[in-house]
$ cat structure.cif   # mmCIF, C-alpha atoms
data_protein
loop_
_atom_site.label_atom_id
_atom_site.label_comp_id
_atom_site.auth_asym_id
_atom_site.auth_seq_id
_atom_site.Cartn_x
_atom_site.Cartn_y
_atom_site.Cartn_z
CA MET M 1 146.56 -22.47 253.94
CA ASN M 2 147.37 -23.38 257.51
CA ASP M 3 149.63 -21.53 259.91
CA GLN M 4 152.56 -23.91 259.42
CA GLU M 5 152.49 -23.47 255.62
CA PHE M 6 152.30 -19.73 256.17
CA GLN M 7 155.39 -19.83 258.43
CA GLU M 8 157.24 -22.00 255.90
CA LEU M 9 156.51 -19.57 253.09
CA GLY M 10 157.74 -16.71 255.29
CA LYS M 11 160.97 -18.61 256.02
CA LYS M 12 161.48 -19.38 252.33
CA LEU M 13 161.03 -15.70 251.48
CA ARG M 14 163.42 -14.58 254.22
CA ASP M 15 166.04 -17.09 253.02
CA ALA M 16 165.84 -15.66 249.51
CA ILE M 17 165.40 -12.01 250.51
CA PRO M 18 167.04 -11.41 253.91
CA PRO M 19 165.28 -8.86 256.12
CA LEU M 20 166.98 -5.50 256.64
CA HIS M 21 166.64 -5.07 260.38
CA GLN M 22 168.73 -1.95 260.92
CA PRO M 23 169.78 -0.52 257.54
CA GLU M 24 172.04 2.49 258.05
CA LEU M 25 171.78 5.86 256.34
CA ASN M 26 175.35 6.68 255.31
CA ARG M 27 175.04 10.43 254.74
CA ASP M 28 173.18 13.48 255.92
CA LEU M 29 170.32 14.21 253.49
CA TRP M 30 169.70 17.80 254.62
CA PRO M 31 171.81 19.34 251.78
CA ALA M 32 169.71 17.39 249.25
CA MET M 33 166.56 18.55 251.03
CA LEU M 34 167.69 22.18 250.93
CA GLN M 35 168.43 21.84 247.22
CA LYS M 36 164.94 20.48 246.59
CA LEU M 37 163.38 23.26 248.66
CA ASN M 38 165.27 25.88 246.66
CA GLN M 39 164.46 24.29 243.31
CA GLN M 40 160.75 23.81 243.84
CA ARG M 41 158.95 26.89 245.02
CA LEU M 42 155.64 26.16 246.64
CA PRO M 43 152.99 26.19 243.87
CA VAL M 44 150.08 28.61 244.21
CA PRO M 45 146.84 26.57 244.48
CA TRP M 46 144.51 26.83 241.47
CA PHE M 47 141.73 28.17 243.71
CA ASP M 48 143.88 31.19 244.65
CA TRP M 49 144.44 31.93 240.97
CA LEU M 50 140.69 31.68 240.37
CA LEU M 51 139.94 34.15 243.18
CA ALA M 52 142.55 36.58 241.87
CA ALA M 53 141.06 36.34 238.35
CA LEU M 54 137.54 36.93 239.69
CA ALA M 55 138.69 39.96 241.69
CA ALA M 56 140.43 41.39 238.61
CA ALA M 57 137.30 40.80 236.48
CA VAL M 58 135.09 42.56 239.04
CA LEU M 59 137.42 45.59 239.08
CA ILE M 60 137.52 45.75 235.26
CA PHE M 61 133.76 45.39 234.69
CA PHE M 62 132.68 47.44 237.74
CA PRO M 63 135.30 50.21 238.17
CA SER M 64 132.93 52.06 240.46
CA ALA M 65 133.69 49.35 243.04
CA ILE M 66 137.31 50.54 243.33
CA PRO M 67 136.66 53.55 245.66
CA ALA M 68 134.43 51.39 247.87
CA LEU M 69 137.16 48.76 248.02
CA LEU M 70 139.82 51.37 248.86
CA TYR M 71 137.56 52.81 251.55
CA HIS M 72 137.33 49.40 253.24
CA PHE M 73 141.10 48.94 253.13
CA MET D 1 155.98 27.65 271.03
CA ASP D 2 157.27 24.07 270.72
CA LEU D 3 158.97 22.50 267.69
CA LEU D 4 155.84 20.98 266.15
CA GLU D 5 153.87 24.20 266.55
CA ARG D 6 156.66 26.15 264.87
CA PHE D 7 156.79 23.57 262.07
CA ALA D 8 153.02 23.77 261.56
CA ALA D 9 153.40 27.55 261.29
CA GLY D 10 155.92 27.06 258.45
CA ASP D 11 159.18 27.74 260.36
CA LEU D 12 162.09 26.37 258.26
CA ASP D 13 164.41 26.02 261.28
CA ALA D 14 161.85 23.84 263.03
CA PHE D 15 161.51 21.77 259.85
CA GLU D 16 165.30 21.31 259.73
CA SER D 17 165.33 20.11 263.35
CA LEU D 18 162.58 17.60 262.62
CA PHE D 19 164.35 16.49 259.44
CA ARG D 20 167.60 15.82 261.30
CA GLN D 21 165.73 14.02 264.06
CA TYR D 22 163.73 11.69 261.80
CA GLN D 23 165.67 11.27 258.53
CA CYS D 24 167.30 7.97 259.64
CA ALA D 25 163.99 6.47 260.79
CA VAL D 26 162.24 7.45 257.55
CA TYR D 27 165.12 6.08 255.45
CA ARG D 28 165.16 2.80 257.39
CA TRP D 29 161.42 2.34 256.86
CA ILE D 30 161.50 3.17 253.14
CA VAL D 31 164.56 1.07 252.28
CA ARG D 32 162.80 -1.98 253.70
CA ILE D 33 159.97 -1.39 251.22
CA VAL D 34 161.90 -0.47 248.07
CA ARG D 35 165.11 -2.43 248.92
CA ASP D 36 167.24 0.06 247.00
CA PRO D 37 169.44 2.40 249.12
CA ALA D 38 169.80 5.10 246.43
CA ALA D 39 166.06 5.18 245.72
CA ALA D 40 165.35 5.16 249.46
CA GLU D 41 167.52 8.27 249.94
CA ASP D 42 165.63 10.10 247.17
CA LEU D 43 162.31 8.95 248.62
CA THR D 44 163.31 10.15 252.09
CA VAL D 45 163.86 13.64 250.66
CA GLU D 46 160.59 13.35 248.69
CA THR D 47 158.77 12.35 251.89
CA PHE D 48 160.03 15.38 253.78
CA TRP D 49 159.21 17.59 250.78
CA ARG D 50 155.59 16.34 250.94
CA VAL D 51 155.62 16.90 254.70
CA TYR D 52 156.89 20.45 254.28
CA ARG D 53 154.23 21.24 251.69
CA ALA D 54 151.53 19.89 254.01
CA HIS D 55 152.79 21.66 257.17
CA ALA D 56 149.63 23.73 257.50
CA ARG D 57 147.50 20.56 257.65
CA PHE D 58 149.48 19.09 260.56
CA ARG D 59 147.92 19.48 264.00
CA PRO D 60 150.70 20.04 266.57
CA GLY D 61 148.92 17.74 269.06
CA GLY D 62 149.03 14.84 266.58
CA ASN D 63 151.54 12.01 266.23
CA PHE D 64 154.22 13.45 263.93
CA GLU D 65 156.14 10.20 263.54
CA ALA D 66 153.05 8.23 262.49
CA TRP D 67 152.10 10.97 260.00
CA LEU D 68 155.64 10.95 258.62
CA ARG D 69 155.69 7.16 258.25
CA ARG D 70 152.38 7.19 256.42
CA ILE D 71 153.60 9.83 253.96
CA GLY D 72 156.85 7.86 253.52
CA THR D 73 154.90 4.67 252.85
CA ASN D 74 152.82 6.45 250.20
CA ALA D 75 155.98 7.81 248.57
CA ALA D 76 157.48 4.30 248.53
CA LEU D 77 154.27 2.86 247.06
CA ASP D 78 154.29 5.53 244.33
CA HIS D 79 157.87 4.48 243.56
CA LEU D 80 156.88 0.79 243.31
CA ARG D 81 153.95 1.69 241.06
CA ALA D 82 156.17 3.76 238.77
CA ALA D 83 158.81 1.02 238.48
CA PRO D 84 158.40 -1.26 235.46
CA LYS D 85 156.32 -4.34 236.29
CA ASN D 86 158.40 -7.43 237.00
CA ALA D 87 161.56 -5.34 237.50
CA PRO D 88 163.94 -7.46 239.59
CA LEU D 89 164.64 -6.44 243.17
CA PRO D 90 167.93 -4.54 243.54
CA GLU D 91 170.87 -6.82 244.20
CA ASP D 92 173.11 -4.46 246.17
CA LEU D 93 171.71 -5.49 249.55
CA PRO D 94 173.10 -8.34 251.68
CA ALA D 95 172.77 -11.70 249.94
CA PRO D 96 171.88 -14.85 251.86
CA PRO D 97 174.76 -17.15 252.85
CA ALA D 98 175.87 -19.28 249.89
CA ALA D 99 175.31 -23.03 250.19
CA ASP D 100 174.45 -25.14 247.21
CA VAL D 101 174.82 -21.99 245.15
CA ALA D 102 173.27 -22.94 241.81
CA GLU D 103 170.05 -24.37 243.22
CA GLN D 104 169.70 -21.54 245.70
CA HIS D 105 170.28 -19.00 242.96
CA GLU D 106 167.44 -20.44 240.81
CA SER D 107 165.09 -20.61 243.75
CA ARG D 108 165.99 -17.09 244.83
CA LYS D 109 165.48 -15.79 241.29
CA ALA D 110 162.04 -17.39 241.13
CA ILE D 111 161.06 -15.86 244.47
CA HIS D 112 162.32 -12.43 243.37
CA SER D 113 160.34 -12.68 240.13
CA ALA D 114 157.20 -13.84 241.90
CA LEU D 115 157.44 -10.98 244.41
CA ALA D 116 158.22 -8.39 241.75
CA SER D 117 155.18 -9.46 239.71
CA LEU D 118 152.77 -8.76 242.58
CA ALA D 119 150.75 -5.55 242.58
CA PRO D 120 152.56 -2.94 244.74
CA ARG D 121 149.74 -2.84 247.34
CA LEU D 122 150.10 -6.60 247.84
CA ARG D 123 153.87 -6.67 247.55
CA ILE D 124 154.30 -4.09 250.31
CA VAL D 125 152.28 -6.26 252.71
CA ILE D 126 154.43 -9.32 251.94
CA GLN D 127 157.66 -7.36 252.30
CA LEU D 128 156.74 -5.72 255.57
CA GLY D 129 154.76 -8.60 257.06
CA LEU D 130 156.51 -11.79 255.95
CA ILE D 131 160.06 -10.61 255.20
CA GLU D 132 160.56 -7.80 257.72
CA GLU D 133 158.16 -9.41 260.22
CA GLU D 134 156.37 -6.20 261.14
CA SER D 135 153.09 -6.56 263.00
CA TYR D 136 149.71 -6.14 261.29
CA ARG D 137 149.11 -3.13 263.51
CA THR D 138 152.29 -1.37 262.34
CA ILE D 139 151.51 -2.13 258.70
CA SER D 140 147.92 -0.98 259.01
CA ALA D 141 149.01 2.32 260.59
CA ALA D 142 151.60 2.90 257.85
CA LEU D 143 149.14 2.13 255.04
CA GLY D 144 146.21 3.92 256.64
CA ILE D 145 143.93 0.87 256.41
CA SER D 146 142.41 -1.45 259.03
CA GLU D 147 144.20 -4.53 260.37
CA SER D 148 141.57 -6.77 258.79
CA ALA D 149 142.24 -5.11 255.42
CA VAL D 150 145.96 -5.87 255.89
CA LYS D 151 145.15 -9.51 256.69
CA LEU D 152 142.96 -9.74 253.60
CA ARG D 153 145.73 -8.31 251.42
CA MET D 154 148.20 -10.73 253.01
CA PHE D 155 145.89 -13.67 252.28
CA ARG D 156 145.48 -12.63 248.63
CA ALA D 157 149.19 -11.95 248.19
CA VAL D 158 150.20 -15.29 249.71
CA ARG D 159 147.71 -17.14 247.51
CA ILE D 160 149.08 -15.50 244.34
CA LEU D 161 152.68 -15.99 245.48
CA ARG D 162 152.16 -19.69 246.21
CA LYS D 163 150.55 -20.19 242.81
CA LYS D 164 153.47 -18.51 241.05
CA LEU D 165 156.09 -20.41 243.05
CA HIS D 166 154.27 -23.66 242.38
CA HIS D 167 154.31 -22.79 238.68
CA TRP D 168 158.10 -22.32 238.86
CA ASP D 169 158.35 -25.52 240.86
CA VAL D 170 159.61 -23.81 244.01
CA ARG D 171 157.93 -25.51 246.95
CA PRO D 172 156.99 -23.00 249.62
#
$ encode --input "structure.cif" --output "structure tokens"
Amino acid sequence: MNDQEFQELGKKLRDAIPPLHQPELNRDLWPAMLQKLNQQRLPVPWFDWLLAALAAAVLIFFPSAIPALLYHF
Amino acid sequence: MDLLERFAAGDLDAFESLFRQYQCAVYRWIVRIVRDPAAAEDLTVETFWRVYRAHARFRPGGNFEAWLRRIGTNAALDHLRAAPKNAPLPEDLPAPPAADVAEQHESRKAIHSALASLAPRLRIVIQLGLIEEESYRTISAALGISESAVKLRMFRAVRILRKKLHHWDVRP
């Protein structure tokens, strides 16, 4: 396909589907954004849950570790 | 601490300032890809939601606008992928001037169908490159691929499009 054919195809497409050079946003989207932020709390990553489960398991199976842990805190 | 540093630290007021500053630009970019104003508004909010979730990954010295555009492009691509294949392009955007209406309508319908049947990753290159006349550099930055990859996609998309239009007897 040469450059002229390429330009002709582009023109044909633009005739059928006019470009949107400066489409305007008709409303402020911040209220919608706030609503989404309030609806969807940030999810806790699965790795954090895994660490918490491991820590709980260590404390259950090795209770003697609790005083050492408290000492370090 | 400047606005981007505060945003990266998770400050909601900084995020609101950035949202108000860039919402029009993000909307304008997305609506040119999805060509549906209502969907573009939802995708603008979705883009900023993704941005907010990823605030900790943003480096304040980086180009915020380019990062935003890339996330917006990905959101728009996800929308195109989720839309049913061959769904017609929305009709509520400005129509071309009417002259020889019936013939133009058929030709336009064929072009819409041909474009809608393209894979989203090819369609986006045609829409931004051939219809909106954006440069390869701008498209490559928005898609996060090299300029030569954009040219390759354009070549493949044009070849498929020409074949389909030839099949429908629309001479490109």
$ residues_around --input "structure.cif" --residues "Met33 of chain M" --least-positions-apart "2" --cutoff "12 Å" --atoms "all atoms listed in the file" --output "PDB file with C-alpha atoms, keeping the file's coordinate frame"
ATOM      1  CA  ASP M  28     173.180  13.480 255.920  1.00  0.00           C
ATOM      2  CA  LEU M  29     170.320  14.210 253.490  1.00  0.00           C
ATOM      3  CA  TRP M  30     169.700  17.800 254.620  1.00  0.00           C
ATOM      4  CA  PRO M  31     171.810  19.340 251.780  1.00  0.00           C
ATOM      5  CA  GLN M  35     168.430  21.840 247.220  1.00  0.00           C
ATOM      6  CA  LYS M  36     164.940  20.480 246.590  1.00  0.00           C
ATOM      7  CA  LEU M  37     163.380  23.260 248.660  1.00  0.00           C
ATOM      8  CA  ASN M  38     165.270  25.880 246.660  1.00  0.00           C
ATOM      9  CA  GLN M  39     164.460  24.290 243.310  1.00  0.00           C
ATOM     10  CA  GLN M  40     160.750  23.810 243.840  1.00  0.00           C
TER      11      GLN M  40
ATOM     12  CA  LEU D  12     162.090  26.370 258.260  1.00  0.00           C
ATOM     13  CA  PHE D  15     161.510  21.770 259.850  1.00  0.00           C
ATOM     14  CA  GLU D  16     165.300  21.310 259.730  1.00  0.00           C
ATOM     15  CA  PHE D  19     164.350  16.490 259.440  1.00  0.00           C
ATOM     16  CA  ARG D  20     167.600  15.820 261.300  1.00  0.00           C
ATOM     17  CA  GLN D  23     165.670  11.270 258.530  1.00  0.00           C
ATOM     18  CA  GLU D  41     167.520   8.270 249.940  1.00  0.00           C
ATOM     19  CA  ASP D  42     165.630  10.100 247.170  1.00  0.00           C
ATOM     20  CA  LEU D  43     162.310   8.950 248.620  1.00  0.00           C
ATOM     21  CA  THR D  44     163.310  10.150 252.090  1.00  0.00           C
ATOM     22  CA  VAL D  45     163.860  13.640 250.660  1.00  0.00           C
ATOM     23  CA  GLU D  46     160.590  13.350 248.690  1.00  0.00           C
ATOM     24  CA  THR D  47     158.770  12.350 251.890  1.00  0.00           C
ATOM     25  CA  PHE D  48     160.030  15.380 253.780  1.00  0.00           C
ATOM     26  CA  TRP D  49     159.210  17.590 250.780  1.00  0.00           C
ATOM     27  CA  ARG D  50     155.590  16.340 250.940  1.00  0.00           C
ATOM     28  CA  VAL D  51     155.620  16.900 254.700  1.00  0.00           C
ATOM     29  CA  TYR D  52     156.890  20.450 254.280  1.00  0.00           C
TER      30      TYR D  52
END
$ residues_around --input "structure.cif" --residues "segment 58-73 of chain D" --least-positions-apart "3" --cutoff "6 Å" --atoms "all atoms listed in the file" --output "list in words"
Leu4, Glu5, Ala8, Thr47, His55, Ala76 and Ala142 of chain D
$ write_last_selection --input "structure.cif" --atoms "C-alpha atoms" --output "mmCIF file, in the frame of the given file"
data_model
loop_
_atom_site.group_PDB
_atom_site.id
_atom_site.type_symbol
_atom_site.label_atom_id
_atom_site.label_comp_id
_atom_site.auth_asym_id
_atom_site.auth_seq_id
_atom_site.Cartn_x
_atom_site.Cartn_y
_atom_site.Cartn_z
ATOM 1 C CA LEU D 4 155.840 20.980 266.150
ATOM 2 C CA GLU D 5 153.870 24.200 266.550
ATOM 3 C CA ALA D 8 153.020 23.770 261.560
ATOM 4 C CA THR D 47 158.770 12.350 251.890
ATOM 5 C CA HIS D 55 152.790 21.660 257.170
ATOM 6 C CA ALA D 76 157.480 4.300 248.530
ATOM 7 C CA ALA D 142 151.600 2.900 257.850
#
$ closest_residue --input "structure.cif" --among "D:Leu165, D:Ala114, D:Met154, D:Ala56" --to "Gly129 of chain D" --atoms "only C-alpha atoms"
D:Met154
$ closest_residue --input "structure.cif" --among "M:Leu51, M:Leu34, M:Val58, M:Ala16" --to "chain D" --atoms "all atoms listed in the file"
M:Ala16
$ atom_distance --input "structure.cif" --atom1 "atom CA of Leu3 of chain D" --atom2 "atom CA of Ala75 of chain D"
24.3 Å
$ interface_residues --input "structure.cif" --of "chain M" --to "chain D" --cutoff "7 Å" --atoms "only C-alpha atoms" --output "list in words"
Glu8, Leu9, Gly10, Lys12, Leu13, Arg14, Asp15, Ala16, Pro18, Pro19, Leu20, Gln22, Pro23, Glu24, Leu25 and Met33 of chain M
$ closest_residue --input "structure.cif" --among "D:Ile145, D:Ala54, D:Ala39, D:Ala82" --to "Gly10 of chain D" --atoms "only C-alpha atoms"
D:Ala54
$ atom_distance --input "structure.cif" --atom1 "atom CA of Asp13 of chain D" --atom2 "atom CA of Arg57 of chain D"
18.1 Å
$ atom_distance --input "structure.cif" --atom1 "atom CA of Pro67 of chain M" --atom2 "atom CA of Ala55 of chain M"
14.3 Å
$ residues_around --input "structure.cif" --residues "Ile139 of chain D" --least-positions-apart "3" --cutoff "8 Å" --atoms "all atoms listed in the file" --output "PyMOL selection string"
chain D and resi 125+128-129+134-136+142-143+147+150
$ resolve_selection --input "structure.cif" --expression "the PyMOL selection byres ((chain D and resi 118) around 9)" --output "list in words"
Lys85, Asn86, Ser113, Ala114, Leu115, Ala116, Ser117, Ala119, Pro120, Arg121, Leu122, Arg123, Ala157, Ile160 and Leu161 of chain D
$ decode --input "structure.cif" --residues "chain M" --atoms "C-alpha atoms" --output "JSON list (two decimals), in the first residue's frame"
[["chain", "number", "residue", "atom", "x", "y", "z"],
["M", 1, "MET", "CA", 0.00, 0.00, 0.00],
["M", 2, "ASN", "CA", 1.52, 3.31, -1.01],
["M", 3, "ASP", "CA", 1.33, 6.61, 0.84],
["M", 4, "GLN", "CA", -1.40, 8.01, -1.40],
["M", 5, "GLU", "CA", -3.67, 4.99, -0.82],
["M", 6, "PHE", "CA", -2.98, 5.32, 2.88],
["M", 7, "GLN", "CA", -4.01, 9.01, 2.83],
["M", 8, "GLU", "CA", -7.15, 8.16, 0.83],
["M", 9, "LEU", "CA", -8.17, 5.50, 3.33],
["M", 10, "GLY", "CA", -7.62, 8.01, 6.15],
["M", 11, "LYS", "CA", -9.82, 10.57, 4.36],
["M", 12, "LYS", "CA", -12.53, 7.99, 3.75],
["M", 13, "LEU", "CA", -12.50, 7.05, 7.44],
["M", 14, "ARG", "CA", -12.62, 10.69, 8.55],
["M", 15, "ASP", "CA", -15.56, 11.36, 6.20],
["M", 16, "ALA", "CA", -17.49, 8.48, 7.75],
["M", 17, "ILE", "CA", -16.33, 9.02, 11.34],
["M", 18, "PRO", "CA", -15.48, 12.70, 11.87],
["M", 19, "PRO", "CA", -12.59, 13.36, 14.26],
["M", 20, "LEU", "CA", -13.42, 14.84, 17.67],
["M", 21, "HIS", "CA", -10.82, 17.58, 17.94],
["M", 22, "GLN", "CA", -11.96, 19.31, 21.12],
["M", 23, "PRO", "CA", -14.79, 17.31, 22.72],
["M", 24, "GLU", "CA", -16.08, 19.12, 25.80],
["M", 25, "LEU", "CA", -16.74, 17.63, 29.21],
["M", 26, "ASN", "CA", -20.13, 19.03, 30.22],
["M", 27, "ARG", "CA", -20.03, 18.42, 33.97],
["M", 28, "ASP", "CA", -17.68, 18.20, 36.90],
["M", 29, "LEU", "CA", -16.89, 14.53, 37.60],
["M", 30, "TRP", "CA", -15.51, 15.06, 41.11],
["M", 31, "PRO", "CA", -18.83, 14.14, 42.85],
["M", 32, "ALA", "CA", -18.86, 10.84, 40.91],
["M", 33, "MET", "CA", -15.22, 10.30, 41.88],
["M", 34, "LEU", "CA", -15.97, 10.93, 45.55],
["M", 35, "GLN", "CA", -18.86, 8.48, 45.38],
["M", 36, "LYS", "CA", -16.58, 5.81, 43.91],
["M", 37, "LEU", "CA", -13.93, 6.49, 46.54],
["M", 38, "ASN", "CA", -16.50, 6.10, 49.31],
["M", 39, "GLN", "CA", -18.02, 2.96, 47.82],
["M", 40, "GLN", "CA", -14.80, 1.08, 47.17],
["M", 41, "ARG", "CA", -12.50, 0.91, 50.13],
["M", 42, "LEU", "CA", -8.94, 0.13, 49.21],
["M", 43, "PRO", "CA", -8.56, -3.68, 49.23],
["M", 44, "VAL", "CA", -5.93, -5.20, 51.52],
["M", 45, "PRO", "CA", -3.34, -7.00, 49.34],
["M", 46, "TRP", "CA", -3.35, -10.81, 49.62],
["M", 47, "PHE", "CA", 0.28, -10.76, 50.76],
["M", 48, "ASP", "CA", -0.66, -8.68, 53.82],
["M", 49, "TRP", "CA", -3.33, -11.22, 54.73],
["M", 50, "LEU", "CA", -0.77, -14.01, 54.35],
["M", 51, "LEU", "CA", 1.69, -12.25, 56.67],
["M", 52, "ALA", "CA", -1.03, -11.66, 59.26],
["M", 53, "ALA", "CA", -2.05, -15.35, 59.09],
["M", 54, "LEU", "CA", 1.58, -16.46, 59.49],
["M", 55, "ALA", "CA", 2.08, -14.16, 62.49],
["M", 56, "ALA", "CA", -1.12, -15.50, 64.10],
["M", 57, "ALA", "CA", -0.01, -19.11, 63.47],
["M", 58, "VAL", "CA", 3.41, -18.46, 65.04],
["M", 59, "LEU", "CA", 1.77, -16.97, 68.15],
["M", 60, "ILE", "CA", -0.65, -19.91, 68.46],
["M", 61, "PHE", "CA", 1.93, -22.69, 67.98],
["M", 62, "PHE", "CA", 4.77, -20.95, 69.86],
["M", 63, "PRO", "CA", 3.13, -18.98, 72.72],
["M", 64, "SER", "CA", 6.51, -18.63, 74.38],
["M", 65, "ALA", "CA", 7.35, -16.14, 71.61],
["M", 66, "ILE", "CA", 4.76, -13.67, 72.93],
["M", 67, "PRO", "CA", 6.87, -12.23, 75.82],
["M", 68, "ALA", "CA", 9.86, -11.88, 73.49],
["M", 69, "LEU", "CA", 7.68, -10.09, 70.97],
["M", 70, "LEU", "CA", 6.24, -7.77, 73.65],
["M", 71, "TYR", "CA", 9.77, -7.05, 74.90],
["M", 72, "HIS", "CA", 10.79, -5.88, 71.42],
["M", 73, "PHE", "CA", 7.74, -3.64, 71.11]]
